[in-house]
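Q: This is the content of final22.cif (mmCIF, N, CA and C atoms and all ligand atoms):
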```
data_model
#
loop_
_atom_site.label_atom_id
_atom_site.label_comp_id
_atom_site.auth_asym_id
_atom_site.auth_seq_id
_atom_site.Cartn_x
_atom_site.Cartn_y
_atom_site.Cartn_z
N MET L 288 -14.28 -2.15 -9.99
CA MET L 288 -15.34 -1.18 -10.23
C MET L 288 -14.98 -0.32 -11.45
N ALA L 289 -15.93 -0.05 -12.32
CA ALA L 289 -15.66 0.74 -13.52
C ALA L 289 -15.53 2.21 -13.16
N ALA L 290 -14.68 2.92 -13.89
CA ALA L 290 -14.53 4.35 -13.66
C ALA L 290 -15.78 5.06 -14.17
N ALA L 291 -16.13 6.15 -13.51
CA ALA L 291 -17.30 6.92 -13.93
C ALA L 291 -17.04 7.50 -15.32
N ALA L 292 -18.09 7.60 -16.11
CA ALA L 292 -17.97 8.12 -17.47
C ALA L 292 -17.34 9.50 -17.46
N GLY L 293 -16.41 9.75 -18.38
CA GLY L 293 -15.80 11.07 -18.47
C GLY L 293 -14.57 11.24 -17.60
N ARG L 294 -14.46 10.45 -16.52
CA ARG L 294 -13.30 10.54 -15.65
C ARG L 294 -12.14 9.73 -16.22
N PRO L 295 -10.92 10.23 -16.05
CA PRO L 295 -9.80 9.40 -16.51
C PRO L 295 -9.76 8.12 -15.68
N PRO L 296 -9.46 6.98 -16.30
CA PRO L 296 -9.43 5.74 -15.54
C PRO L 296 -8.33 5.79 -14.49
N CYS L 297 -8.58 5.15 -13.35
CA CYS L 297 -7.60 5.13 -12.26
C CYS L 297 -6.39 4.30 -12.69
N LEU L 298 -5.19 4.89 -12.56
CA LEU L 298 -3.97 4.21 -12.98
C LEU L 298 -3.78 2.88 -12.25
N PHE L 299 -4.03 2.88 -10.92
CA PHE L 299 -3.80 1.65 -10.16
C PHE L 299 -4.81 0.56 -10.53
N CYS L 300 -6.03 0.95 -10.93
CA CYS L 300 -6.99 -0.04 -11.42
C CYS L 300 -6.46 -0.68 -12.70
N GLN L 301 -5.86 0.14 -13.56
CA GLN L 301 -5.29 -0.40 -14.81
C GLN L 301 -4.12 -1.34 -14.52
N ILE L 302 -3.28 -0.94 -13.55
CA ILE L 302 -2.16 -1.81 -13.17
C ILE L 302 -2.69 -3.14 -12.63
N ALA L 303 -3.73 -3.06 -11.78
CA ALA L 303 -4.29 -4.27 -11.17
C ALA L 303 -4.85 -5.22 -12.22
N ARG L 304 -5.35 -4.65 -13.32
CA ARG L 304 -5.90 -5.49 -14.39
C ARG L 304 -4.80 -6.00 -15.31
N GLY L 305 -3.57 -5.57 -15.08
CA GLY L 305 -2.47 -6.03 -15.91
C GLY L 305 -2.46 -5.35 -17.27
N SER L 306 -3.14 -4.20 -17.39
CA SER L 306 -3.20 -3.55 -18.70
C SER L 306 -2.17 -2.43 -18.86
N THR L 307 -1.11 -2.46 -18.05
CA THR L 307 0.01 -1.53 -18.24
C THR L 307 1.29 -2.35 -18.36
N SER L 308 2.40 -1.66 -18.61
CA SER L 308 3.67 -2.38 -18.74
C SER L 308 4.32 -2.63 -17.37
N THR L 309 3.64 -2.20 -16.29
CA THR L 309 4.18 -2.38 -14.93
C THR L 309 4.36 -3.87 -14.63
N ASP L 310 5.54 -4.23 -14.14
CA ASP L 310 5.81 -5.61 -13.74
C ASP L 310 5.07 -5.93 -12.46
N LEU L 311 4.25 -6.97 -12.48
CA LEU L 311 3.59 -7.40 -11.26
C LEU L 311 4.46 -8.45 -10.57
N HIS L 312 4.90 -8.14 -9.34
CA HIS L 312 5.76 -9.07 -8.61
C HIS L 312 4.94 -10.07 -7.82
N TYR L 313 3.64 -9.79 -7.71
CA TYR L 313 2.71 -10.71 -7.07
C TYR L 313 1.32 -10.38 -7.59
N ALA L 314 0.50 -11.38 -7.79
CA ALA L 314 -0.89 -11.14 -8.20
C ALA L 314 -1.76 -12.32 -7.78
N ASP L 315 -2.90 -12.05 -7.18
CA ASP L 315 -3.93 -13.08 -6.98
C ASP L 315 -5.28 -12.42 -7.21
N GLU L 316 -6.36 -13.07 -6.84
CA GLU L 316 -7.68 -12.51 -7.15
C GLU L 316 -8.00 -11.28 -6.29
N MET L 317 -7.24 -11.09 -5.20
CA MET L 317 -7.56 -10.01 -4.27
C MET L 317 -6.62 -8.81 -4.36
N VAL L 318 -5.32 -9.07 -4.57
CA VAL L 318 -4.32 -7.99 -4.57
C VAL L 318 -3.27 -8.19 -5.67
N VAL L 319 -2.57 -7.10 -6.01
CA VAL L 319 -1.37 -7.20 -6.84
C VAL L 319 -0.28 -6.34 -6.19
N ALA L 320 0.98 -6.63 -6.52
CA ALA L 320 2.10 -5.86 -5.96
C ALA L 320 3.08 -5.53 -7.07
N PHE L 321 3.65 -4.33 -6.95
CA PHE L 321 4.62 -3.87 -7.95
C PHE L 321 5.58 -2.91 -7.28
N ARG L 322 6.69 -2.60 -7.95
CA ARG L 322 7.66 -1.67 -7.38
C ARG L 322 7.18 -0.24 -7.50
N ASP L 323 7.37 0.58 -6.46
CA ASP L 323 7.06 2.01 -6.53
C ASP L 323 7.93 2.62 -7.63
N ILE L 324 7.32 3.40 -8.53
CA ILE L 324 8.11 3.97 -9.64
C ILE L 324 9.08 5.04 -9.14
N ASN L 325 8.83 5.55 -7.94
CA ASN L 325 9.70 6.59 -7.37
C ASN L 325 10.11 6.12 -5.97
N PRO L 326 10.97 5.09 -5.90
CA PRO L 326 11.23 4.43 -4.61
C PRO L 326 11.86 5.35 -3.58
N SER L 327 11.47 5.14 -2.31
CA SER L 327 11.99 5.92 -1.19
C SER L 327 12.98 5.13 -0.35
N ALA L 328 13.21 3.89 -0.72
CA ALA L 328 14.05 3.04 0.13
C ALA L 328 14.77 2.01 -0.73
N PHE L 329 15.64 1.27 -0.08
CA PHE L 329 16.43 0.22 -0.72
C PHE L 329 15.53 -0.70 -1.57
N ARG L 330 14.41 -1.14 -0.99
CA ARG L 330 13.36 -1.81 -1.76
C ARG L 330 12.03 -1.20 -1.36
N HIS L 331 11.17 -0.96 -2.34
CA HIS L 331 9.91 -0.26 -2.07
C HIS L 331 8.83 -0.81 -2.98
N TYR L 332 7.94 -1.61 -2.39
CA TYR L 332 6.82 -2.18 -3.14
C TYR L 332 5.52 -1.51 -2.74
N LEU L 333 4.58 -1.48 -3.67
CA LEU L 333 3.21 -1.10 -3.36
C LEU L 333 2.34 -2.34 -3.52
N VAL L 334 1.49 -2.60 -2.53
CA VAL L 334 0.53 -3.69 -2.62
C VAL L 334 -0.86 -3.05 -2.64
N ILE L 335 -1.64 -3.36 -3.68
CA ILE L 335 -2.95 -2.70 -3.83
C ILE L 335 -4.05 -3.74 -3.99
N PRO L 336 -5.27 -3.40 -3.53
CA PRO L 336 -6.41 -4.29 -3.79
C PRO L 336 -6.80 -4.20 -5.26
N VAL L 337 -7.27 -5.30 -5.82
CA VAL L 337 -7.76 -5.29 -7.20
C VAL L 337 -9.00 -4.40 -7.28
N GLU L 338 -9.83 -4.46 -6.25
CA GLU L 338 -11.02 -3.62 -6.18
C GLU L 338 -10.62 -2.18 -5.89
N HIS L 339 -11.30 -1.21 -6.50
CA HIS L 339 -10.98 0.20 -6.27
C HIS L 339 -11.53 0.66 -4.93
N ILE L 340 -10.65 0.77 -3.94
CA ILE L 340 -10.99 1.35 -2.64
C ILE L 340 -10.14 2.61 -2.54
N PRO L 341 -10.75 3.80 -2.40
CA PRO L 341 -9.95 5.03 -2.50
C PRO L 341 -8.87 5.18 -1.42
N THR L 342 -9.25 5.16 -0.15
CA THR L 342 -8.26 5.44 0.91
C THR L 342 -8.58 4.62 2.16
N VAL L 343 -7.71 4.71 3.15
CA VAL L 343 -7.94 4.01 4.43
C VAL L 343 -9.24 4.46 5.09
N LYS L 344 -9.69 5.68 4.77
CA LYS L 344 -10.94 6.18 5.37
C LYS L 344 -12.15 5.36 4.91
N HIS L 345 -11.99 4.63 3.80
CA HIS L 345 -13.08 3.83 3.28
C HIS L 345 -13.09 2.42 3.84
N LEU L 346 -12.14 2.12 4.72
CA LEU L 346 -12.11 0.80 5.35
C LEU L 346 -12.92 0.84 6.63
N GLN L 347 -13.62 -0.27 6.91
CA GLN L 347 -14.44 -0.32 8.11
C GLN L 347 -14.04 -1.50 8.98
N ARG L 348 -14.51 -1.43 10.22
CA ARG L 348 -14.26 -2.50 11.16
C ARG L 348 -15.15 -3.68 10.79
N ARG L 349 -14.68 -4.47 9.87
CA ARG L 349 -15.43 -5.66 9.46
C ARG L 349 -14.47 -6.70 8.91
N THR L 350 -14.89 -7.95 8.95
CA THR L 350 -14.04 -9.08 8.60
C THR L 350 -13.42 -8.93 7.22
N GLU L 351 -14.24 -8.53 6.25
CA GLU L 351 -13.80 -8.40 4.87
C GLU L 351 -12.61 -7.43 4.74
N ASP L 352 -12.74 -6.26 5.35
CA ASP L 352 -11.70 -5.25 5.25
C ASP L 352 -10.46 -5.66 6.04
N TYR L 353 -10.67 -6.24 7.20
CA TYR L 353 -9.55 -6.70 8.02
C TYR L 353 -8.76 -7.77 7.27
N HIS L 354 -9.47 -8.68 6.67
CA HIS L 354 -8.85 -9.77 5.93
C HIS L 354 -8.04 -9.23 4.75
N LEU L 355 -8.59 -8.23 4.06
CA LEU L 355 -7.91 -7.63 2.91
C LEU L 355 -6.58 -6.98 3.34
N VAL L 356 -6.62 -6.14 4.37
CA VAL L 356 -5.42 -5.42 4.81
C VAL L 356 -4.38 -6.42 5.34
N ASN L 357 -4.86 -7.42 6.06
CA ASN L 357 -3.95 -8.44 6.58
C ASN L 357 -3.27 -9.19 5.43
N HIS L 358 -4.01 -9.46 4.40
CA HIS L 358 -3.46 -10.14 3.23
C HIS L 358 -2.43 -9.24 2.52
N MET L 359 -2.77 -7.95 2.37
CA MET L 359 -1.83 -7.00 1.74
C MET L 359 -0.51 -6.97 2.52
N LEU L 360 -0.62 -6.94 3.84
CA LEU L 360 0.58 -6.91 4.69
C LEU L 360 1.41 -8.18 4.51
N ASN L 361 0.73 -9.32 4.48
CA ASN L 361 1.46 -10.58 4.31
C ASN L 361 2.17 -10.65 2.97
N VAL L 362 1.53 -10.13 1.92
CA VAL L 362 2.16 -10.12 0.60
C VAL L 362 3.40 -9.21 0.62
N GLY L 363 3.27 -8.02 1.22
CA GLY L 363 4.41 -7.10 1.34
C GLY L 363 5.57 -7.73 2.10
N LYS L 364 5.25 -8.39 3.21
CA LYS L 364 6.30 -9.03 4.02
C LYS L 364 6.99 -10.16 3.25
N THR L 365 6.20 -10.93 2.53
CA THR L 365 6.76 -12.04 1.75
C THR L 365 7.71 -11.53 0.67
N LEU L 366 7.29 -10.45 -0.03
CA LEU L 366 8.13 -9.90 -1.09
C LEU L 366 9.45 -9.39 -0.54
N LEU L 367 9.40 -8.67 0.59
CA LEU L 367 10.64 -8.11 1.13
C LEU L 367 11.52 -9.19 1.75
N ALA L 368 10.91 -10.21 2.32
CA ALA L 368 11.71 -11.31 2.88
C ALA L 368 12.49 -12.00 1.76
N ARG L 369 11.88 -12.05 0.58
CA ARG L 369 12.50 -12.70 -0.56
C ARG L 369 13.53 -11.78 -1.22
N ASP L 370 13.19 -10.49 -1.31
CA ASP L 370 13.95 -9.57 -2.13
C ASP L 370 14.99 -8.77 -1.34
N ALA L 371 14.78 -8.61 -0.04
CA ALA L 371 15.69 -7.80 0.77
C ALA L 371 15.91 -8.45 2.14
N PRO L 372 16.32 -9.72 2.15
CA PRO L 372 16.46 -10.41 3.44
C PRO L 372 17.54 -9.80 4.32
N GLU L 373 18.47 -9.06 3.70
CA GLU L 373 19.59 -8.49 4.45
C GLU L 373 19.23 -7.18 5.13
N SER L 374 18.04 -6.63 4.80
CA SER L 374 17.67 -5.35 5.41
C SER L 374 17.44 -5.53 6.91
N MET L 375 17.85 -4.50 7.69
CA MET L 375 17.71 -4.60 9.14
C MET L 375 16.36 -4.08 9.62
N CYS L 376 15.64 -3.38 8.73
CA CYS L 376 14.42 -2.72 9.19
C CYS L 376 13.42 -2.62 8.05
N TYR L 377 12.17 -2.92 8.36
CA TYR L 377 11.10 -2.86 7.37
C TYR L 377 9.99 -1.96 7.88
N ARG L 378 9.32 -1.28 6.96
CA ARG L 378 8.16 -0.46 7.33
C ARG L 378 7.01 -0.81 6.41
N TYR L 379 5.81 -0.89 7.00
CA TYR L 379 4.61 -1.20 6.23
C TYR L 379 3.52 -0.24 6.66
N GLY L 380 2.94 0.49 5.71
CA GLY L 380 1.86 1.38 6.12
C GLY L 380 1.25 2.16 4.97
N PHE L 381 0.32 3.04 5.37
CA PHE L 381 -0.51 3.78 4.42
C PHE L 381 -0.46 5.27 4.70
N HIS L 382 -0.54 6.07 3.64
CA HIS L 382 -0.73 7.51 3.81
C HIS L 382 -2.22 7.78 3.98
N GLN L 383 -2.55 8.57 5.01
CA GLN L 383 -3.94 8.92 5.22
C GLN L 383 -4.23 10.24 4.51
N PRO L 384 -5.42 10.37 3.91
CA PRO L 384 -5.73 11.64 3.26
C PRO L 384 -5.67 12.79 4.27
N PRO L 385 -5.20 13.98 3.89
CA PRO L 385 -4.87 14.40 2.51
C PRO L 385 -3.42 14.13 2.12
N PHE L 386 -2.73 13.22 2.81
CA PHE L 386 -1.31 12.99 2.53
C PHE L 386 -1.07 11.84 1.55
N ASN L 387 -2.15 11.26 1.04
CA ASN L 387 -1.97 10.17 0.07
C ASN L 387 -1.78 10.75 -1.32
N SER L 388 -0.98 10.08 -2.14
CA SER L 388 -0.65 10.60 -3.47
C SER L 388 -1.64 10.12 -4.52
N VAL L 389 -2.11 8.88 -4.41
CA VAL L 389 -3.01 8.29 -5.39
C VAL L 389 -4.25 7.81 -4.66
N ASP L 390 -5.45 8.13 -5.19
CA ASP L 390 -6.69 7.72 -4.55
C ASP L 390 -7.09 6.30 -4.92
N HIS L 391 -6.19 5.38 -4.69
CA HIS L 391 -6.50 3.94 -4.77
C HIS L 391 -5.63 3.35 -3.68
N LEU L 392 -6.27 2.73 -2.71
CA LEU L 392 -5.58 2.22 -1.53
C LEU L 392 -4.28 1.49 -1.92
N HIS L 393 -3.17 1.83 -1.25
CA HIS L 393 -1.92 1.13 -1.52
C HIS L 393 -1.08 1.04 -0.26
N LEU L 394 -0.58 -0.16 -0.01
CA LEU L 394 0.30 -0.39 1.14
C LEU L 394 1.74 -0.14 0.70
N HIS L 395 2.42 0.79 1.37
CA HIS L 395 3.85 0.97 1.14
C HIS L 395 4.60 -0.10 1.92
N SER L 396 5.42 -0.87 1.24
CA SER L 396 6.25 -1.89 1.88
C SER L 396 7.70 -1.51 1.62
N LEU L 397 8.39 -1.12 2.69
CA LEU L 397 9.74 -0.56 2.54
C LEU L 397 10.77 -1.39 3.28
N ALA L 398 11.87 -1.70 2.59
CA ALA L 398 13.04 -2.27 3.25
C ALA L 398 14.06 -1.15 3.36
N LEU L 399 14.38 -0.76 4.60
CA LEU L 399 15.26 0.39 4.82
C LEU L 399 16.71 0.01 4.55
N PRO L 400 17.61 0.92 4.32
CA PRO L 400 17.49 2.36 4.60
C PRO L 400 16.65 3.14 3.58
N PHE L 401 16.13 4.29 4.05
CA PHE L 401 15.51 5.24 3.15
C PHE L 401 16.59 5.82 2.26
N ILE L 402 16.27 5.99 0.97
CA ILE L 402 17.22 6.56 0.02
C ILE L 402 16.51 7.63 -0.79
N PRO L 403 16.89 8.90 -0.74
CA PRO L 403 17.84 9.46 0.23
C PRO L 403 17.22 9.52 1.63
N ARG L 404 18.03 9.77 2.63
CA ARG L 404 17.59 9.67 4.02
C ARG L 404 16.39 10.55 4.37
N TRP L 405 16.34 11.78 3.77
CA TRP L 405 15.24 12.70 4.12
C TRP L 405 13.87 12.15 3.73
N ARG L 406 13.84 11.14 2.87
CA ARG L 406 12.56 10.57 2.46
C ARG L 406 11.77 10.01 3.64
N GLN L 407 12.48 9.74 4.73
CA GLN L 407 11.77 9.15 5.87
C GLN L 407 10.65 10.05 6.40
N VAL L 408 10.76 11.37 6.16
CA VAL L 408 9.70 12.27 6.66
C VAL L 408 8.34 11.95 6.03
N LYS L 409 8.36 11.38 4.84
CA LYS L 409 7.09 11.02 4.19
C LYS L 409 6.39 9.87 4.89
N TYR L 410 7.14 9.14 5.70
CA TYR L 410 6.61 7.91 6.32
C TYR L 410 6.59 8.03 7.83
N THR L 411 6.26 9.25 8.28
CA THR L 411 6.22 9.55 9.71
C THR L 411 4.77 9.74 10.13
N THR L 412 4.42 9.20 11.29
CA THR L 412 3.07 9.46 11.79
C THR L 412 3.03 10.87 12.36
N LEU L 413 1.92 11.57 12.09
CA LEU L 413 1.80 12.95 12.52
C LEU L 413 0.78 13.10 13.65
N GLY L 414 0.62 12.05 14.45
CA GLY L 414 -0.31 12.13 15.58
C GLY L 414 -1.73 12.37 15.09
N PRO L 415 -2.42 13.33 15.71
CA PRO L 415 -3.82 13.59 15.34
C PRO L 415 -3.99 14.08 13.91
N LEU L 416 -2.92 14.63 13.31
CA LEU L 416 -3.00 15.09 11.93
C LEU L 416 -3.09 13.94 10.94
N GLY L 417 -2.70 12.77 11.39
CA GLY L 417 -2.75 11.64 10.48
C GLY L 417 -1.38 11.33 9.93
N GLY L 418 -1.17 11.64 8.65
CA GLY L 418 0.10 11.30 8.03
C GLY L 418 0.13 9.82 7.71
N PHE L 419 1.22 9.17 8.09
CA PHE L 419 1.42 7.76 7.76
C PHE L 419 0.91 6.89 8.90
N ILE L 420 0.16 5.86 8.57
CA ILE L 420 -0.30 4.92 9.60
C ILE L 420 0.31 3.55 9.34
N GLU L 421 0.94 3.00 10.38
CA GLU L 421 1.53 1.66 10.27
C GLU L 421 0.41 0.64 10.00
N ALA L 422 0.70 -0.35 9.17
CA ALA L 422 -0.30 -1.35 8.82
C ALA L 422 -0.85 -2.05 10.06
N GLU L 423 0.04 -2.37 11.01
CA GLU L 423 -0.40 -3.07 12.23
C GLU L 423 -1.39 -2.21 13.02
N LYS L 424 -1.15 -0.89 13.00
CA LYS L 424 -2.03 0.02 13.74
C LYS L 424 -3.40 0.11 13.05
N LEU L 425 -3.37 0.13 11.72
CA LEU L 425 -4.63 0.15 10.98
C LEU L 425 -5.41 -1.14 11.26
N LEU L 426 -4.71 -2.26 11.29
CA LEU L 426 -5.38 -3.54 11.57
C LEU L 426 -6.05 -3.51 12.95
N ASP L 427 -5.38 -2.90 13.93
CA ASP L 427 -5.99 -2.76 15.25
C ASP L 427 -7.29 -1.96 15.18
N LYS L 428 -7.27 -0.91 14.32
CA LYS L 428 -8.45 -0.03 14.22
C LYS L 428 -9.64 -0.71 13.56
N ILE L 429 -9.37 -1.64 12.63
CA ILE L 429 -10.49 -2.25 11.88
C ILE L 429 -10.72 -3.70 12.26
N ARG L 430 -10.02 -4.16 13.33
CA ARG L 430 -10.21 -5.55 13.78
C ARG L 430 -11.66 -5.75 14.24
N PRO L 431 -12.35 -6.73 13.64
CA PRO L 431 -13.75 -6.94 14.04
C PRO L 431 -13.83 -7.35 15.51
N VAL L 432 -14.87 -6.89 16.19
CA VAL L 432 -14.99 -7.20 17.62
C VAL L 432 -15.59 -8.58 17.85
ZN ZN L 501 -8.43 2.40 -8.77
ZN ZN L 502 1.29 6.50 -0.97
#
```
Represent the supplied structure as C-alpha cells.
Ligand SMILES: [Zn+2]
Ligand SMILES: [Zn+2]
A:
Amino acid sequence: MAAAAGRPPCLFCQIARGSTSTDLHYADEMVVAFRDINPSAFRHYLVIPVEHIPTVKHLQRRTEDYHLVNHMLNVGKTLLARDAPESMCYRYGFHQPPFNSVDHLHLHSLALPFIPRWRQVKYTTLGPLGGFIEAEKLLDKIRPV
C-alpha cells in the first residue's frame, strides 16, 4: 500500500521492498525477515508482511490473516532453527499497541538468552493490559471457525 501524501514513508515498507541496505534473511511474495537492529537476545529476527498492516489490532478472524501469521511464525522458526539450533528456548510474538515500537506488523523471533537479561521485560504478557502476545496465542484468537 502506498504511503499517504505528505507522510514519511513507512520504514518497514521500504525494507520489505528491498529499497534499504537492510539484509533480508528471507523473502517471498508475502513476508520478509531481517535482523532486529537493536537485538534483545542471542538471535533476534523480525518477520514482517510485505503488505502494510499496522498492528495486531488490524488482524481479523479470517483465513487470510490466519494464514499470514502462521506463515510469519514458520519463517521465524525456520530462521532460528538454522541460525541458533543450540538455543534452549525460543520466543515468538507481537507487541500490542500502545507497546509496539513501529506501526507495521512485525513478529519478534527470539533465540534466548535475552541479552542483557533485563530485556525480557519487553517480551512479557501484561494480562488485560496487553503487552506482548505469543504468536500461538494470537493464532488461537484469529483462527477461523
Ligand atoms: Zn509499512
Ligand atoms: Zn516490536
Q: Leaving out L:Cys376 and any residue of its chain fewer than 4 positions from it, which residues lie within 6 Å of it when counting only N, CA and C atoms, given as a VMD selection string?
A: chain L and resid 397 to 399
Q: Which residue is closest to L:Leu346? Choose from L:Arg430, L:Arg378, L:Lys364, L:Arg404 and count only C-alpha atoms.
A: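 Ranking L:Arg430, L:Arg378, L:Lys364, L:Arg404 by distance to L:Leu346, first place goes to L:Arg430.
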Q: Using Å and a single decimal, report how far atom C of L:Gly305 sits from atom CA of L:Leu360.
A: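 If I compute the distance from atom CA of L:Leu360 to atom C of L:Gly305, I get 22.2 Å.
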Q: Pull the strand (DSSP E or B) assignments for chain L out of DSSP run on the backbone, and list those residues as a PyMOL selection string.
A: chain L and resi 313-314+318-322+328-336+377-382+394-401+412+418-421
Q: Name each residue within 6.5 Å of ligand ZN 501 (chain L), counting only N, CA and C atoms and all ligand atoms, as JSON, numbers by chain.
A: {"L": [297, 298, 299, 300, 301, 338, 339, 340, 390, 391, 392]}
Q: Show me a table, sorted first by chain and then by increasing residue number, of the residues of chain L having an atom at most 8 Å from ligand ZN 502 (chain L), each with its shortest atom pair and the distance in Å to one decimal, counting all atoms listed in the file and written as JSON lines.
A:
```
{"residue": "L:Gly380", "atom": "C", "partner": "L:ZN502", "partner_atom": "ZN", "distance": 7.4}
{"residue": "L:Phe381", "atom": "C", "partner": "L:ZN502", "partner_atom": "ZN", "distance": 6.1}
{"residue": "L:His382", "atom": "N", "partner": "L:ZN502", "partner_atom": "ZN", "distance": 5.0}
{"residue": "L:Gln383", "atom": "N", "partner": "L:ZN502", "partner_atom": "ZN", "distance": 7.4}
{"residue": "L:Phe386", "atom": "C", "partner": "L:ZN502", "partner_atom": "ZN", "distance": 6.4}
{"residue": "L:Asn387", "atom": "CA", "partner": "L:ZN502", "partner_atom": "ZN", "distance": 5.0}
{"residue": "L:Ser388", "atom": "N", "partner": "L:ZN502", "partner_atom": "ZN", "distance": 4.4}
{"residue": "L:Val389", "atom": "N", "partner": "L:ZN502", "partner_atom": "ZN", "distance": 5.4}
{"residue": "L:Leu392", "atom": "C", "partner": "L:ZN502", "partner_atom": "ZN", "distance": 7.6}
{"residue": "L:His393", "atom": "C", "partner": "L:ZN502", "partner_atom": "ZN", "distance": 6.0}
{"residue": "L:Leu394", "atom": "C", "partner": "L:ZN502", "partner_atom": "ZN", "distance": 6.9}
{"residue": "L:His395", "atom": "N", "partner": "L:ZN502", "partner_atom": "ZN", "distance": 6.3}
```
Q: Any chance you could export the current selection's N, CA and C atoms as a JSON list (two decimals), in the coordinates of the input?
A:
```json
[["chain", "number", "residue", "atom", "x", "y", "z"],
["L", 380, "GLY", "N", 2.94, 0.49, 5.71],
["L", 380, "GLY", "CA", 1.86, 1.38, 6.12],
["L", 380, "GLY", "C", 1.25, 2.16, 4.97],
["L", 381, "PHE", "N", 0.32, 3.04, 5.37],
["L", 381, "PHE", "CA", -0.51, 3.78, 4.42],
["L", 381, "PHE", "C", -0.46, 5.27, 4.70],
["L", 382, "HIS", "N", -0.54, 6.07, 3.64],
["L", 382, "HIS", "CA", -0.73, 7.51, 3.81],
["L", 382, "HIS", "C", -2.22, 7.78, 3.98],
["L", 383, "GLN", "N", -2.55, 8.57, 5.01],
["L", 383, "GLN", "CA", -3.94, 8.92, 5.22],
["L", 383, "GLN", "C", -4.23, 10.24, 4.51],
["L", 386, "PHE", "N", -2.73, 13.22, 2.81],
["L", 386, "PHE", "CA", -1.31, 12.99, 2.53],
["L", 386, "PHE", "C", -1.07, 11.84, 1.55],
["L", 387, "ASN", "N", -2.15, 11.26, 1.04],
["L", 387, "ASN", "CA", -1.97, 10.17, 0.07],
["L", 387, "ASN", "C", -1.78, 10.75, -1.32],
["L", 388, "SER", "N", -0.98, 10.08, -2.14],
["L", 388, "SER", "CA", -0.65, 10.60, -3.47],
["L", 388, "SER", "C", -1.64, 10.12, -4.52],
["L", 389, "VAL", "N", -2.11, 8.88, -4.41],
["L", 389, "VAL", "CA", -3.01, 8.29, -5.39],
["L", 389, "VAL", "C", -4.25, 7.81, -4.66],
["L", 392, "LEU", "N", -6.27, 2.73, -2.71],
["L", 392, "LEU", "CA", -5.58, 2.22, -1.53],
["L", 392, "LEU", "C", -4.28, 1.49, -1.92],
["L", 393, "HIS", "N", -3.17, 1.83, -1.25],
["L", 393, "HIS", "CA", -1.92, 1.13, -1.52],
["L", 393, "HIS", "C", -1.08, 1.04, -0.26],
["L", 394, "LEU", "N", -0.58, -0.16, -0.01],
["L", 394, "LEU", "CA", 0.30, -0.39, 1.14],
["L", 394, "LEU", "C", 1.74, -0.14, 0.70],
["L", 395, "HIS", "N", 2.42, 0.79, 1.37],
["L", 395, "HIS", "CA", 3.85, 0.97, 1.14],
["L", 395, "HIS", "C", 4.60, -0.10, 1.92]]
```
Q: Kindly provide, as a ChimeraX atom specification, the polymer residues lying within 10 Å of (-8.7, 4.7, 13.6), counting only C-alpha atoms and using the coordinates exactly as they appear in the file.
A: /L:343-344,346-348,417,420,424-429
Q: I need stretch 370-381 of chain L from the structure I supplied, saved as a PDB file, in the first residue's frame with N, CA and C atoms retained.
A:
```pdb
ATOM      1  N   ASP L 370      19.846 -20.807  12.384  1.00  0.00           N
ATOM      2  CA  ASP L 370      20.844 -19.860  12.847  1.00  0.00           C
ATOM      3  C   ASP L 370      21.207 -20.043  14.322  1.00  0.00           C
ATOM      4  N   ALA L 371      20.318 -20.621  15.110  1.00  0.00           N
ATOM      5  CA  ALA L 371      20.561 -20.768  16.547  1.00  0.00           C
ATOM      6  C   ALA L 371      20.061 -22.125  17.039  1.00  0.00           C
ATOM      7  N   PRO L 372      20.512 -23.209  16.405  1.00  0.00           N
ATOM      8  CA  PRO L 372      19.996 -24.532  16.789  1.00  0.00           C
ATOM      9  C   PRO L 372      20.371 -24.915  18.214  1.00  0.00           C
ATOM     10  N   GLU L 373      21.418 -24.271  18.755  1.00  0.00           N
ATOM     11  CA  GLU L 373      21.892 -24.629  20.095  1.00  0.00           C
ATOM     12  C   GLU L 373      21.097 -23.933  21.196  1.00  0.00           C
ATOM     13  N   SER L 374      20.236 -22.971  20.813  1.00  0.00           N
ATOM     14  CA  SER L 374      19.473 -22.259  21.843  1.00  0.00           C
ATOM     15  C   SER L 374      18.486 -23.210  22.516  1.00  0.00           C
ATOM     16  N   MET L 375      18.314 -23.019  23.842  1.00  0.00           N
ATOM     17  CA  MET L 375      17.418 -23.904  24.589  1.00  0.00           C
ATOM     18  C   MET L 375      15.986 -23.392  24.593  1.00  0.00           C
ATOM     19  N   CYS L 376      15.803 -22.128  24.185  1.00  0.00           N
ATOM     20  CA  CYS L 376      14.474 -21.541  24.331  1.00  0.00           C
ATOM     21  C   CYS L 376      14.248 -20.485  23.255  1.00  0.00           C
ATOM     22  N   TYR L 377      13.066 -20.522  22.665  1.00  0.00           N
ATOM     23  CA  TYR L 377      12.704 -19.569  21.621  1.00  0.00           C
ATOM     24  C   TYR L 377      11.414 -18.866  22.007  1.00  0.00           C
ATOM     25  N   ARG L 378      11.289 -17.609  21.594  1.00  0.00           N
ATOM     26  CA  ARG L 378      10.045 -16.869  21.819  1.00  0.00           C
ATOM     27  C   ARG L 378       9.616 -16.238  20.507  1.00  0.00           C
ATOM     28  N   TYR L 379       8.302 -16.287  20.248  1.00  0.00           N
ATOM     29  CA  TYR L 379       7.742 -15.706  19.036  1.00  0.00           C
ATOM     30  C   TYR L 379       6.509 -14.917  19.421  1.00  0.00           C
ATOM     31  N   GLY L 380       6.475 -13.635  19.065  1.00  0.00           N
ATOM     32  CA  GLY L 380       5.272 -12.882  19.400  1.00  0.00           C
ATOM     33  C   GLY L 380       5.314 -11.433  18.941  1.00  0.00           C
ATOM     34  N   PHE L 381       4.243 -10.732  19.329  1.00  0.00           N
ATOM     35  CA  PHE L 381       3.993  -9.371  18.855  1.00  0.00           C
ATOM     36  C   PHE L 381       3.751  -8.431  20.027  1.00  0.00           C
TER      37      PHE L 381
END
```
